[in-house]
file start.cif (mmCIF, C-alpha atoms)
data_query
#
loop_
_atom_site.label_atom_id
_atom_site.label_comp_id
_atom_site.auth_asym_id
_atom_site.auth_seq_id
_atom_site.Cartn_x
_atom_site.Cartn_y
_atom_site.Cartn_z
CA MET A 18 13.81 -26.55 -17.27
CA VAL A 19 13.65 -23.99 -14.46
CA LYS A 20 10.21 -22.46 -13.90
CA ARG A 21 10.31 -18.85 -12.73
CA VAL A 22 7.73 -16.67 -11.04
CA LEU A 23 7.95 -12.87 -10.98
CA MET A 24 6.94 -11.83 -7.45
CA ILE A 25 5.82 -8.20 -7.06
CA ALA A 26 5.99 -7.25 -3.37
CA PHE A 27 6.41 -3.93 -1.59
CA HIS A 28 6.83 -5.65 1.79
CA PHE A 29 10.29 -7.18 1.59
CA PRO A 30 13.57 -6.72 3.48
CA PRO A 31 15.03 -4.25 4.39
CA LEU A 32 11.54 -2.98 5.30
CA ARG A 33 10.86 -3.26 9.03
CA GLY A 34 7.74 -3.12 11.14
CA SER A 35 5.36 -5.31 9.11
CA SER A 36 4.57 -8.99 9.62
CA GLY A 37 3.53 -9.04 5.95
CA ILE A 38 7.20 -9.22 4.98
CA GLN A 39 7.34 -12.86 6.02
CA ARG A 40 4.79 -14.04 3.45
CA THR A 41 6.81 -13.09 0.37
CA LEU A 42 10.20 -13.66 2.01
CA LYS A 43 9.42 -17.24 2.99
CA PHE A 44 7.77 -18.06 -0.33
CA ALA A 45 10.95 -16.82 -2.03
CA GLN A 46 13.06 -18.93 0.33
CA TYR A 47 11.16 -22.21 -0.08
CA LEU A 48 9.76 -22.14 -3.64
CA PRO A 49 13.01 -23.52 -5.18
CA GLN A 50 12.45 -26.70 -3.16
CA TYR A 51 9.26 -27.18 -5.17
CA GLY A 52 10.74 -26.48 -8.59
CA TRP A 53 10.08 -22.73 -8.83
CA GLN A 54 12.73 -19.99 -8.92
CA PRO A 55 11.49 -16.60 -7.69
CA VAL A 56 12.45 -13.26 -9.23
CA VAL A 57 11.42 -10.52 -6.79
CA LEU A 58 10.38 -7.04 -7.92
CA SER A 59 10.25 -4.78 -4.87
CA ALA A 60 10.64 -1.08 -4.05
CA HIS A 61 13.74 1.00 -3.46
CA PRO A 62 14.49 1.16 0.30
CA ARG A 63 14.07 4.95 0.28
CA ALA A 64 10.31 4.29 0.11
CA TYR A 65 10.36 2.60 3.53
CA ALA A 66 9.76 4.73 6.60
CA GLN A 67 11.60 2.11 8.67
CA SER A 68 14.33 -0.18 7.40
CA GLY A 69 17.05 -2.43 8.78
CA ASP A 70 19.33 -5.22 7.70
CA ASP A 71 18.29 -7.87 10.26
CA GLN A 72 16.33 -9.94 7.70
CA LEU A 73 18.45 -9.40 4.60
CA ARG A 74 20.39 -12.56 5.41
CA ASP A 75 17.18 -14.56 4.98
CA ILE A 76 17.04 -13.76 1.26
CA PRO A 77 18.60 -16.73 -0.57
CA ALA A 78 21.73 -15.82 -2.51
CA ASP A 79 20.32 -17.24 -5.75
CA VAL A 80 17.09 -15.22 -5.63
CA VAL A 81 17.16 -12.21 -7.94
CA VAL A 82 15.80 -9.08 -6.20
CA HIS A 83 15.26 -5.88 -8.18
CA ARG A 84 14.37 -2.77 -6.19
CA ALA A 85 12.61 -0.37 -8.55
CA PHE A 86 12.33 3.39 -8.23
CA ALA A 87 9.77 4.39 -5.60
CA LEU A 88 9.01 7.37 -3.37
CA ASP A 89 6.80 7.87 -0.35
CA THR A 90 4.50 10.77 -1.23
CA ALA A 91 4.12 11.81 2.40
CA ARG A 92 7.86 12.03 2.99
CA HIS A 93 9.36 12.85 -0.41
CA LEU A 94 6.71 14.84 -2.28
CA SER A 95 5.15 16.93 0.46
CA PHE A 96 5.73 20.56 1.36
CA LYS A 97 5.59 21.38 5.07
CA GLY A 98 3.92 18.05 5.65
CA ARG A 99 1.17 18.57 3.04
CA TYR A 100 0.68 17.14 -0.43
CA VAL A 101 -2.00 16.99 -3.12
CA SER A 102 -4.25 14.02 -2.39
CA TRP A 103 -4.23 12.58 -5.92
CA MET A 104 -0.47 12.10 -5.61
CA ALA A 105 -1.18 9.33 -3.08
CA LEU A 106 -3.70 7.35 -5.12
CA PRO A 107 -4.14 4.49 -4.62
CA ASP A 108 -1.54 4.79 -1.86
CA ARG A 109 1.49 6.82 -0.83
CA TRP A 110 3.76 4.61 -2.96
CA ALA A 111 1.99 5.11 -6.30
CA THR A 112 5.30 6.24 -7.84
CA TRP A 113 6.53 2.68 -7.43
CA ALA A 114 4.52 1.79 -10.55
CA LEU A 115 6.57 4.29 -12.60
CA GLY A 116 9.74 2.36 -11.81
CA ALA A 117 8.33 -1.15 -11.47
CA VAL A 118 6.51 -1.49 -14.80
CA PRO A 119 9.58 -0.87 -17.00
CA ALA A 120 11.73 -2.83 -14.55
CA GLY A 121 9.21 -5.68 -14.68
CA LEU A 122 9.27 -5.73 -18.47
CA SER A 123 13.05 -5.94 -18.37
CA LEU A 124 12.88 -8.83 -15.90
CA VAL A 125 10.32 -10.59 -18.10
CA ARG A 126 12.62 -10.34 -21.12
CA LYS A 127 15.64 -11.59 -19.17
CA TYR A 128 14.15 -14.35 -17.02
CA ARG A 129 10.97 -15.36 -18.93
CA PRO A 130 8.76 -16.08 -15.90
CA ALA A 131 5.87 -18.50 -16.35
CA VAL A 132 3.67 -16.67 -13.84
CA ILE A 133 3.35 -13.15 -12.41
CA TRP A 134 2.44 -12.89 -8.71
CA SER A 135 1.57 -9.63 -6.93
CA THR A 136 0.70 -9.20 -3.29
CA TYR A 137 -1.38 -6.77 -1.23
CA PRO A 138 -1.72 -4.75 1.13
CA ILE A 139 -0.04 -2.09 -1.05
CA ALA A 140 -2.63 -1.60 -3.80
CA THR A 141 0.00 -0.31 -6.24
CA ALA A 142 1.42 -3.85 -6.38
CA HIS A 143 -1.75 -5.07 -8.09
CA ILE A 144 -1.65 -2.16 -10.55
CA ILE A 145 1.87 -3.28 -11.49
CA GLY A 146 0.77 -6.90 -11.77
CA TYR A 147 -2.25 -5.96 -13.89
CA VAL A 148 -0.23 -3.81 -16.30
CA LEU A 149 2.52 -6.42 -16.71
CA HIS A 150 -0.06 -9.13 -17.29
CA ARG A 151 -1.83 -7.08 -19.96
CA LEU A 152 1.43 -6.17 -21.68
CA THR A 153 2.92 -9.66 -21.71
CA GLY A 154 0.04 -12.13 -21.56
CA ILE A 155 1.76 -14.00 -18.72
CA PRO A 156 -0.74 -15.63 -16.29
CA TRP A 157 -1.24 -13.56 -13.15
CA VAL A 158 -1.88 -14.63 -9.55
CA ALA A 159 -3.18 -11.82 -7.31
CA ASP A 160 -2.41 -12.39 -3.64
CA LEU A 161 -5.31 -10.34 -2.25
CA ARG A 162 -4.80 -11.66 1.31
CA ASP A 163 -7.74 -9.72 2.81
CA PRO A 164 -10.61 -7.87 1.08
CA MET A 165 -9.28 -4.63 -0.41
CA THR A 166 -12.53 -2.79 0.26
CA ASP A 167 -15.36 -3.00 2.75
CA GLU A 168 -18.25 -0.88 3.93
CA GLY A 169 -16.64 2.41 4.92
CA TYR A 170 -13.14 1.24 3.98
CA PRO A 171 -11.13 3.01 2.77
CA SER A 172 -12.81 5.88 4.60
CA ASN A 173 -12.01 8.49 1.92
CA PRO A 174 -14.68 8.15 -0.84
CA VAL A 175 -12.23 8.90 -3.67
CA THR A 176 -9.68 6.42 -2.38
CA ARG A 177 -12.42 3.83 -1.94
CA ARG A 178 -13.56 4.24 -5.56
CA VAL A 179 -9.97 3.82 -6.77
CA TYR A 180 -9.56 0.72 -4.63
CA GLN A 181 -12.83 -0.68 -5.94
CA TRP A 182 -11.63 -0.16 -9.52
CA ILE A 183 -8.31 -1.92 -8.79
CA GLU A 184 -10.14 -4.71 -7.00
CA LYS A 185 -12.54 -5.24 -9.91
CA LYS A 186 -9.80 -5.22 -12.57
CA THR A 187 -7.72 -7.59 -10.48
CA VAL A 188 -10.49 -10.13 -9.96
CA GLN A 189 -11.55 -9.95 -13.62
CA HIS A 190 -8.09 -10.44 -15.13
CA CYS A 191 -6.09 -12.63 -12.74
CA GLN A 192 -6.05 -16.41 -13.15
CA ARG A 193 -6.30 -16.90 -9.38
CA ALA A 194 -7.22 -14.52 -6.54
CA VAL A 195 -5.59 -15.77 -3.35
CA CYS A 196 -7.11 -15.01 0.07
CA THR A 197 -5.79 -15.80 3.55
CA THR A 198 -9.12 -16.61 5.23
CA PRO A 199 -12.33 -18.47 4.36
CA GLY A 200 -14.31 -15.33 5.18
CA ALA A 201 -12.42 -13.31 2.58
CA ILE A 202 -13.26 -15.92 -0.07
CA VAL A 203 -16.95 -15.76 0.86
CA THR A 204 -16.79 -11.96 0.62
CA TYR A 205 -15.30 -12.01 -2.86
CA ARG A 206 -17.56 -14.76 -4.21
CA THR A 207 -20.54 -12.75 -2.99
CA ARG A 208 -19.17 -9.46 -4.32
CA PHE A 209 -18.37 -10.88 -7.76
CA PRO A 210 -21.03 -13.52 -8.49
CA GLU A 211 -20.23 -13.41 -12.21
CA ILE A 212 -16.69 -14.73 -11.57
CA ASP A 213 -16.08 -18.48 -11.43
CA PRO A 214 -15.96 -19.32 -7.68
CA ALA A 215 -12.92 -21.53 -8.34
CA ARG A 216 -10.88 -18.43 -9.16
CA PHE A 217 -10.77 -17.60 -5.43
CA THR A 218 -8.42 -19.86 -3.50
CA LEU A 219 -7.25 -20.11 0.12
CA LEU A 220 -3.60 -19.77 1.14
CA GLU A 221 -3.28 -18.86 4.81
CA ASN A 222 -0.37 -17.21 6.56
CA GLY A 223 1.96 -19.23 8.78
CA PHE A 224 5.17 -19.37 10.82
CA ASP A 225 8.73 -20.32 9.96
CA GLU A 226 10.34 -23.10 12.00
CA GLU A 227 13.91 -22.00 11.23
CA ASN A 228 13.23 -18.53 12.59
CA PHE A 229 11.79 -19.99 15.77
CA ALA A 230 14.80 -22.28 16.21
CA ASP A 231 17.04 -19.20 16.05
CA ALA A 232 14.77 -17.28 18.41
CA GLU A 233 14.67 -20.09 20.98
CA SER A 234 18.46 -20.17 21.01
CA LEU A 235 18.40 -16.45 21.89
CA ALA A 236 15.60 -16.60 24.41
CA ALA A 237 16.47 -15.98 28.03
CA ALA A 238 14.45 -17.21 30.99
CA PRO A 239 11.90 -14.60 32.15
CA GLN A 240 13.01 -12.50 35.08
CA GLY A 241 10.91 -11.56 38.11
CA ALA A 242 7.49 -12.62 39.36
CA ARG A 243 5.34 -10.47 37.04
CA PHE A 244 3.09 -12.24 34.56
CA ARG A 245 3.96 -10.70 31.17
CA LEU A 246 1.17 -10.55 28.60
CA VAL A 247 2.67 -9.49 25.25
CA HIS A 248 1.09 -7.97 22.15
CA SER A 249 3.68 -7.92 19.35
CA GLY A 250 3.00 -5.56 16.43
CA VAL A 251 0.96 -2.65 15.19
CA ILE A 252 -2.22 -1.63 17.01
CA TYR A 253 -4.53 0.08 14.52
CA PRO A 254 -6.94 2.38 16.41
CA SER A 255 -9.93 1.50 14.21
CA GLU A 256 -9.21 -2.22 13.79
CA ARG A 257 -7.64 -3.17 17.13
CA ASP A 258 -9.16 -0.54 19.41
CA PRO A 259 -7.68 -1.16 22.88
CA ILE A 260 -9.92 1.27 24.80
CA PRO A 261 -12.24 -1.42 26.27
CA LEU A 262 -9.14 -3.44 27.23
CA PHE A 263 -7.64 -0.45 29.05
CA GLN A 264 -10.96 0.15 30.80
CA ALA A 265 -11.07 -3.49 31.86
CA LEU A 266 -7.54 -3.33 33.26
CA ALA A 267 -8.45 -0.17 35.19
CA GLU A 268 -11.46 -1.94 36.72
CA LEU A 269 -9.43 -5.03 37.63
CA LYS A 270 -6.81 -2.80 39.22
CA ALA A 271 -9.43 -0.90 41.20
CA GLN A 272 -10.88 -4.21 42.44
CA GLY A 273 -7.43 -5.38 43.52
CA ARG A 274 -7.56 -8.40 41.19
CA ILE A 275 -4.39 -7.40 39.31
CA ALA A 276 -1.48 -5.27 40.44
CA ALA A 277 1.75 -3.91 38.98
CA ALA A 278 3.75 -6.20 41.26
CA THR A 279 2.39 -9.30 39.55
CA PHE A 280 1.12 -8.26 36.08
CA GLU A 281 2.48 -6.37 33.07
CA LEU A 282 0.98 -5.84 29.62
CA VAL A 283 3.74 -5.25 27.05
CA LEU A 284 2.66 -3.56 23.79
CA ARG A 285 5.61 -4.06 21.46
CA ALA A 286 6.10 -1.83 18.37
CA THR A 287 2.53 -0.52 18.26
CA GLY A 288 3.18 2.13 15.61
CA HIS A 289 0.88 4.48 17.59
CA ASP A 290 2.68 4.93 20.90
CA GLU A 291 1.76 8.61 21.34
CA TYR A 292 -1.94 7.91 20.88
CA LEU A 293 -1.86 4.87 23.16
CA ALA A 294 0.15 6.63 25.87
CA LYS A 295 -2.66 9.15 26.34
CA LEU A 296 -5.28 6.40 26.57
CA ILE A 297 -3.17 4.53 29.13
CA ALA A 298 -2.71 7.67 31.20
CA ASP A 299 -6.43 8.50 31.03
CA ALA A 300 -7.22 5.00 32.32
CA GLY A 301 -4.67 5.34 35.14
CA ILE A 302 -2.83 2.12 34.24
CA GLU A 303 0.66 3.40 33.44
CA ASP A 304 2.01 0.98 36.05
CA LEU A 305 0.40 -2.00 34.30
CA VAL A 306 1.13 -1.25 30.63
CA THR A 307 4.52 -0.84 28.93
CA LEU A 308 4.91 0.64 25.44
CA ALA A 309 7.99 -1.17 24.13
CA PRO A 310 10.08 -0.18 21.06
CA HIS A 311 10.62 -2.12 17.85
CA VAL A 312 13.17 -4.93 18.04
CA SER A 313 14.56 -7.29 15.41
CA TYR A 314 12.22 -10.01 14.14
CA ARG A 315 14.17 -12.76 15.91
CA ASP A 316 14.18 -10.81 19.17
CA ALA A 317 10.42 -10.38 18.84
CA LEU A 318 10.02 -14.14 18.41
CA ALA A 319 12.31 -14.74 21.40
CA GLU A 320 10.04 -12.51 23.47
CA MET A 321 7.01 -14.51 22.36
CA VAL A 322 8.42 -17.88 23.45
CA THR A 323 9.23 -16.58 26.95
CA ALA A 324 6.07 -14.55 27.58
CA GLY A 325 3.57 -15.58 30.18
CA GLY A 326 0.86 -15.07 27.58
CA LEU A 327 0.27 -13.59 24.12
CA LEU A 328 -2.45 -11.12 23.22
CA ILE A 329 -4.48 -10.89 19.99
CA LEU A 330 -6.58 -7.79 19.23
CA GLN A 331 -8.98 -7.93 16.29
CA ALA A 332 -12.14 -5.85 15.90
CA THR A 333 -15.48 -6.95 14.47
CA ASN A 334 -14.85 -4.94 11.30
CA CYS A 335 -12.00 -7.39 10.60
CA ASN A 336 -14.03 -10.58 11.02
CA HIS A 337 -12.82 -11.88 7.65
CA GLN A 338 -9.18 -11.38 8.56
CA VAL A 339 -6.70 -13.32 10.70
CA PRO A 340 -3.60 -11.48 12.00
CA ALA A 341 -0.45 -13.05 10.57
CA LYS A 342 1.07 -13.08 14.06
CA LEU A 343 -1.60 -15.55 15.23
CA TYR A 344 0.26 -18.42 13.54
CA GLU A 345 3.50 -17.35 15.21
CA TYR A 346 1.67 -17.22 18.52
CA LEU A 347 0.49 -20.80 18.00
CA ARG A 348 4.07 -21.94 17.32
CA ALA A 349 5.39 -20.09 20.37
CA ARG A 350 3.37 -22.55 22.46
CA ARG A 351 2.38 -19.93 25.00
CA PRO A 352 -1.15 -19.25 26.30
CA ILE A 353 -3.13 -16.96 23.97
CA LEU A 354 -5.78 -14.43 24.99
CA ALA A 355 -7.78 -13.37 21.94
CA LEU A 356 -9.92 -10.25 22.20
CA THR A 357 -11.96 -10.60 19.04
CA ASP A 358 -15.46 -11.30 17.79
CA PRO A 359 -16.33 -14.92 18.69
CA ILE A 360 -17.95 -15.41 15.26
CA GLY A 361 -15.02 -14.04 13.21
CA ASP A 362 -12.30 -15.93 11.34
CA THR A 363 -9.68 -15.19 14.01
CA ALA A 364 -11.76 -16.89 16.70
CA ALA A 365 -12.59 -19.78 14.36
CA THR A 366 -8.91 -20.37 13.63
CA LEU A 367 -8.10 -20.47 17.34
CA ARG A 368 -11.00 -22.78 18.19
CA LYS A 369 -9.91 -25.12 15.38
CA ALA A 370 -6.55 -25.35 17.22
CA GLY A 371 -8.35 -26.07 20.50
CA ILE A 372 -7.95 -22.59 22.04
CA ASP A 373 -11.04 -21.08 23.67
CA THR A 374 -9.60 -18.21 25.73
CA ILE A 375 -11.53 -15.67 23.66
CA ALA A 376 -13.53 -12.56 24.55
CA PRO A 377 -15.05 -9.77 22.41
CA LEU A 378 -12.76 -6.78 21.97
CA ASP A 379 -15.57 -4.23 22.31
CA SER A 380 -16.95 -5.29 25.71
CA LYS A 381 -15.26 -4.14 28.91
CA ALA A 382 -17.32 -6.55 31.05
CA ALA A 383 -16.52 -9.53 28.82
CA ILE A 384 -12.81 -8.64 28.83
CA VAL A 385 -12.79 -8.47 32.64
CA GLU A 386 -14.30 -11.95 32.83
CA GLY A 387 -12.14 -13.33 30.02
CA MET A 388 -8.94 -11.84 31.46
CA LEU A 389 -9.55 -13.36 34.90
CA ARG A 390 -10.24 -16.80 33.41
CA PHE A 391 -7.19 -16.56 31.15
CA LEU A 392 -4.84 -15.52 33.96
CA THR A 393 -6.14 -18.30 36.20
CA LEU A 394 -5.53 -20.93 33.53
CA ALA A 395 -2.16 -19.54 32.41
CA GLU A 396 -0.75 -19.24 35.91
CA ALA A 397 -1.92 -22.78 36.73
CA GLY A 398 -0.31 -24.13 33.56
CA THR A 399 -3.66 -25.39 32.21
CA ALA A 400 -4.37 -22.86 29.47
CA PRO A 401 -5.17 -24.57 26.14
CA LEU A 402 -2.31 -24.81 23.63
CA ALA A 403 -2.28 -25.96 20.00
CA SER A 404 -1.21 -29.53 19.32
CA SER A 405 1.98 -30.28 17.40
CA ALA A 406 -0.11 -31.47 14.43
CA ASP A 407 -2.07 -28.20 14.33
CA ILE A 408 1.12 -26.18 14.62
CA ASN A 409 3.00 -28.05 11.88
CA ALA A 410 0.10 -27.66 9.45
CA ASN A 411 0.65 -23.90 9.63
CA SER A 412 4.35 -23.81 8.71
CA ARG A 413 5.53 -21.48 5.94
CA ARG A 414 7.21 -24.43 4.23
CA ALA A 415 3.88 -26.28 4.04
CA ARG A 416 2.13 -23.13 2.75
CA THR A 417 4.79 -22.77 0.05
CA GLY A 418 4.02 -26.27 -1.16
CA VAL A 419 0.40 -25.20 -1.63
CA LEU A 420 1.52 -22.14 -3.60
CA ALA A 421 3.81 -24.24 -5.81
CA THR A 422 0.93 -26.59 -6.64
CA LEU A 423 -1.20 -23.57 -7.54
CA LEU A 424 1.53 -22.21 -9.83
CA ASP A 425 1.91 -25.63 -11.48
CA THR A 426 -1.83 -25.77 -12.11
CA ILE A 427 -1.91 -22.33 -13.69
CA THR A 428 0.94 -23.04 -16.09
CA ILE A 429 -0.99 -26.08 -17.32
CA GLU A 430 -4.27 -24.16 -17.65
CA VAL A 431 -2.80 -21.02 -19.23
CA PRO A 432 0.72 -21.43 -20.64
CA ALA A 433 2.67 -18.17 -20.58
CA GLU A 434 3.34 -16.50 -23.91
CA PRO A 435 7.00 -16.13 -24.90
CA ALA A 436 8.62 -12.95 -23.58
CA HIS A 437 9.45 -11.02 -26.75
CA ALA A 438 11.83 -8.11 -27.06
CA LYS A 439 8.76 -5.90 -27.36
CA PRO A 440 5.92 -7.20 -25.19
CA ARG A 441 2.55 -6.95 -26.86
CA VAL A 442 -0.51 -5.19 -25.46
CA SER A 443 -3.49 -7.46 -24.96
CA LYS A 444 -6.55 -6.61 -27.09
CA HIS A 445 -9.09 -7.99 -24.59
#

call {"tool": "encode", "arguments": {"input": "start.cif", "output": "structure tokens"}}
result
Amino acid sequence: MVKRVLMIAFHFPPLRGSSGIQRTLKFAQYLPQYGWQPVVLSAHPRAYAQSGDDQLRDIPADVVVHRAFALDTARHLSFKGRYVSWMALPDRWATWALGAVPAGLSLVRKYRPAVIWSTYPIATAHIIGYVLHRLTGIPWVADLRDPMTDEGYPSNPVTRRVYQWIEKKTVQHCQRAVCTTPGAIVTYRTRFPEIDPARFTLLENGFDEENFADAESLAAAPQGARFRLVHSGVIYPSERDPIPLFQALAELKAQGRIAAATFELVLRATGHDEYLAKLIADAGIEDLVTLAPHVSYRDALAEMVTAGGLLILQATNCNHQVPAKLYEYLRARRPILALTDPIGDTAATLRKAGIDTIAPLDSKAAIVEGMLRFLTLAEAGTAPLASSADINANSRRARTGVLATLLDTITIEVPAEPAHAKPRVSKH
């Protein structure tokens, strides 16, 4: 008998510009190999600010994908760029719940999933998962990934209270709360001491070997003598603040230790180009730093495997998070410079793979020293790289096997109730 899982995910093709897409997409691709057939409940593409068809071909033909009604409050429900704040609680895609709950009930009736799975970082996904779980009694796995709330996050007090409510309801009612880092598990076990610690389980991000095989077939040999250090993906001003890095580059340039003829920092698809352009100009390093546009996912991977080095930015306030791109960087087998807190989960993950080219993101002096050491090692071909064993352990296929085992365990612990024509409302 086929076991089905209803996967509630906002981040799914044709959305572009988020590495979070890969988590659900690859689970959906590989779960059938472990005896589970996914049914994906996502959002209508109109809700995406950026979309493209470059990853649609990765969705298996036999995977059902339902795209429920959804609007982006900021783009569809605003007047002259302004909207009432409650219309974007818990997030700008709150209307997705209006379409996804009835659509989810219809999918439950038709496909009778054994488990419901919802994934962050769109908080509305967990509202949908919670409501469907309460209406149907089907066991629920909440893919929290990272902590939903933290001190001062979200910054708006009302939004933070709403997030805290969603977080509490999620942890109380799900059968498993999945996190991507050990630090996130510690955070949640400390925050909810009344919850069985076994409810919180680790399922890290990873890379996909098939995607890299395609990317390597596209990759061209690097041109010119410049050492290209690449950061691929969004740079959040509060979580990946590049100001000390720009100051360090300005100092190295002034000392004559780096020059535009031999060094280039490529910031690919930052999502904040206008903001960063001003910082780069203020630092006087326009000749060293290139703000590059978004490219297809495979082209981005091809750039990684031919770069001189790869850059990670992660602030101290994200010590319990690991950027999803880190695992792709490991697979690219190129030298990695990590500007992050040495005691955070990102640094720990790199050190576990044998990589020690790490410096704190918030210290200009430390970045200067770390950059010089990194460039010396990379240009000499002696920078530390992850071993094949460490790389293979982080594959998306291997991670999917862990998820399948988790789903199997839950169906034994809490068998799903039959999906009736009229789902009942739980009394507890």

call {"tool": "resolve_selection", "arguments": {"input": "start.cif", "expression": "the PyMOL selection byres ((chain A and resi 114) around 10)", "output": "count of residues only"}}
result
22

call {"tool": "closest_residue", "arguments": {"input": "start.cif", "among": "A:Asp75, A:Glu320, A:Glu303, A:Asp108", "to": "Tyr346 of chain A", "atoms": "only C-alpha atoms"}}
result
A:Glu320

call {"tool": "closest_residue", "arguments": {"input": "start.cif", "among": "A:Leu305, A:Leu347, A:Ile212, A:Ala286", "to": "Leu246 of chain A", "atoms": "only C-alpha atoms"}}
result
A:Leu305

call {"tool": "resolve_selection", "arguments": {"input": "start.cif", "expression": "the PyMOL selection byres ((chain A and resi 396-412) around 10)", "output": "count of residues only"}}
result
39

call {"tool": "resolve_selection", "arguments": {"input": "start.cif", "expression": "the PyMOL selection byres ((chain A and resi 257) around 8)", "output": "mmCIF file with C-alpha atoms, in the frame of the given file"}}
result
data_model
loop_
_atom_site.group_PDB
_atom_site.id
_atom_site.type_symbol
_atom_site.label_atom_id
_atom_site.label_comp_id
_atom_site.auth_asym_id
_atom_site.auth_seq_id
_atom_site.Cartn_x
_atom_site.Cartn_y
_atom_site.Cartn_z
ATOM 1 C CA ILE A 252 -2.220 -1.630 17.010
ATOM 2 C CA TYR A 253 -4.530 0.080 14.520
ATOM 3 C CA PRO A 254 -6.940 2.380 16.410
ATOM 4 C CA SER A 255 -9.930 1.500 14.210
ATOM 5 C CA GLU A 256 -9.210 -2.220 13.790
ATOM 6 C CA ASP A 258 -9.160 -0.540 19.410
ATOM 7 C CA PRO A 259 -7.680 -1.160 22.880
ATOM 8 C CA LEU A 330 -6.580 -7.790 19.230
ATOM 9 C CA GLN A 331 -8.980 -7.930 16.290
ATOM 10 C CA ALA A 332 -12.140 -5.850 15.900
ATOM 11 C CA LEU A 378 -12.760 -6.780 21.970
#

call {"tool": "atom_distance", "arguments": {"input": "start.cif", "atom1": "atom CA of Pro164 of chain A", "atom2": "atom CA of Arg177 of chain A"}}
result
12.2 Å

call {"tool": "residues_around", "arguments": {"input": "start.cif", "residues": "Ser68 of chain A", "least_positions_apart": "6", "cutoff": "8 Å", "atoms": "all atoms listed in the file", "output": "PyMOL selection string"}}
result
chain A and resi 30-33+62

call {"tool": "closest_residue", "arguments": {"input": "start.cif", "among": "A:Lys20, A:Arg74, A:Arg129, A:Arg109", "to": "Leu42 of chain A", "atoms": "all atoms listed in the file"}}
result
A:Arg74

call {"tool": "residues_around", "arguments": {"input": "start.cif", "residues": "Glu211 of chain A", "least_positions_apart": "4", "cutoff": "12 Å", "atoms": "only C-alpha atoms", "output": "PyMOL selection string"}}
result
chain A and resi 185+188-189+205-207+215-216

call {"tool": "residues_around", "arguments": {"input": "start.cif", "residues": "Gly361 of chain A", "least_positions_apart": "4", "cutoff": "12 Å", "atoms": "only C-alpha atoms", "output": "ChimeraX atom specification"}}
result
/A:198-201,331-340,355-357,365-368,375-378

call {"tool": "residues_around", "arguments": {"input": "start.cif", "residues": "segment 316-319 of chain A", "least_positions_apart": "6", "cutoff": "8 Å", "atoms": "all atoms listed in the file", "output": "list in words"}}
result
Asn228, Phe229, Ala232, Glu233, Leu235, Ala236, Ala237, Ser249, Glu345 and Ala349 of chain A

call {"tool": "atom_distance", "arguments": {"input": "start.cif", "atom1": "atom CA of Gly250 of chain A", "atom2": "atom CA of Ser313 of chain A"}}
result
11.7 Å

call {"tool": "atom_distance", "arguments": {"input": "start.cif", "atom1": "atom CA of Ile133 of chain A", "atom2": "atom CA of Met24 of chain A"}}
result
6.3 Å

call {"tool": "closest_residue", "arguments": {"input": "start.cif", "among": "A:Leu328, A:Val158, A:Ala383, A:Leu88", "to": "Tyr65 of chain A", "atoms": "all atoms listed in the file"}}
result
A:Leu88

call {"tool": "closest_residue", "arguments": {"input": "start.cif", "among": "A:Pro171, A:Asp425, A:Ala300, A:Ile260", "to": "Gly52 of chain A", "atoms": "all atoms listed in the file"}}
result
A:Asp425

call {"tool": "closest_residue", "arguments": {"input": "start.cif", "among": "A:Leu23, A:Val312, A:Met165, A:Leu284", "to": "Glu184 of chain A", "atoms": "all atoms listed in the file"}}
result
A:Met165

call {"tool": "residues_around", "arguments": {"input": "start.cif", "residues": "Pro55 of chain A", "least_positions_apart": "2", "cutoff": "7 Å", "atoms": "all atoms listed in the file", "output": "PyMOL selection string"}}
result
chain A and resi 21-24+45+53+57+80

call {"tool": "axis_aligned_box", "arguments": {"input": "start.cif", "around": "segment 172-183 of chain A", "padding_each_side": "6 Å", "output": "AutoDock Vina command-line options"}}
result
--center_x -11.5 --center_y 3.5 --center_z -2.5 --size_x 18.4 --size_y 22.8 --size_z 26.1
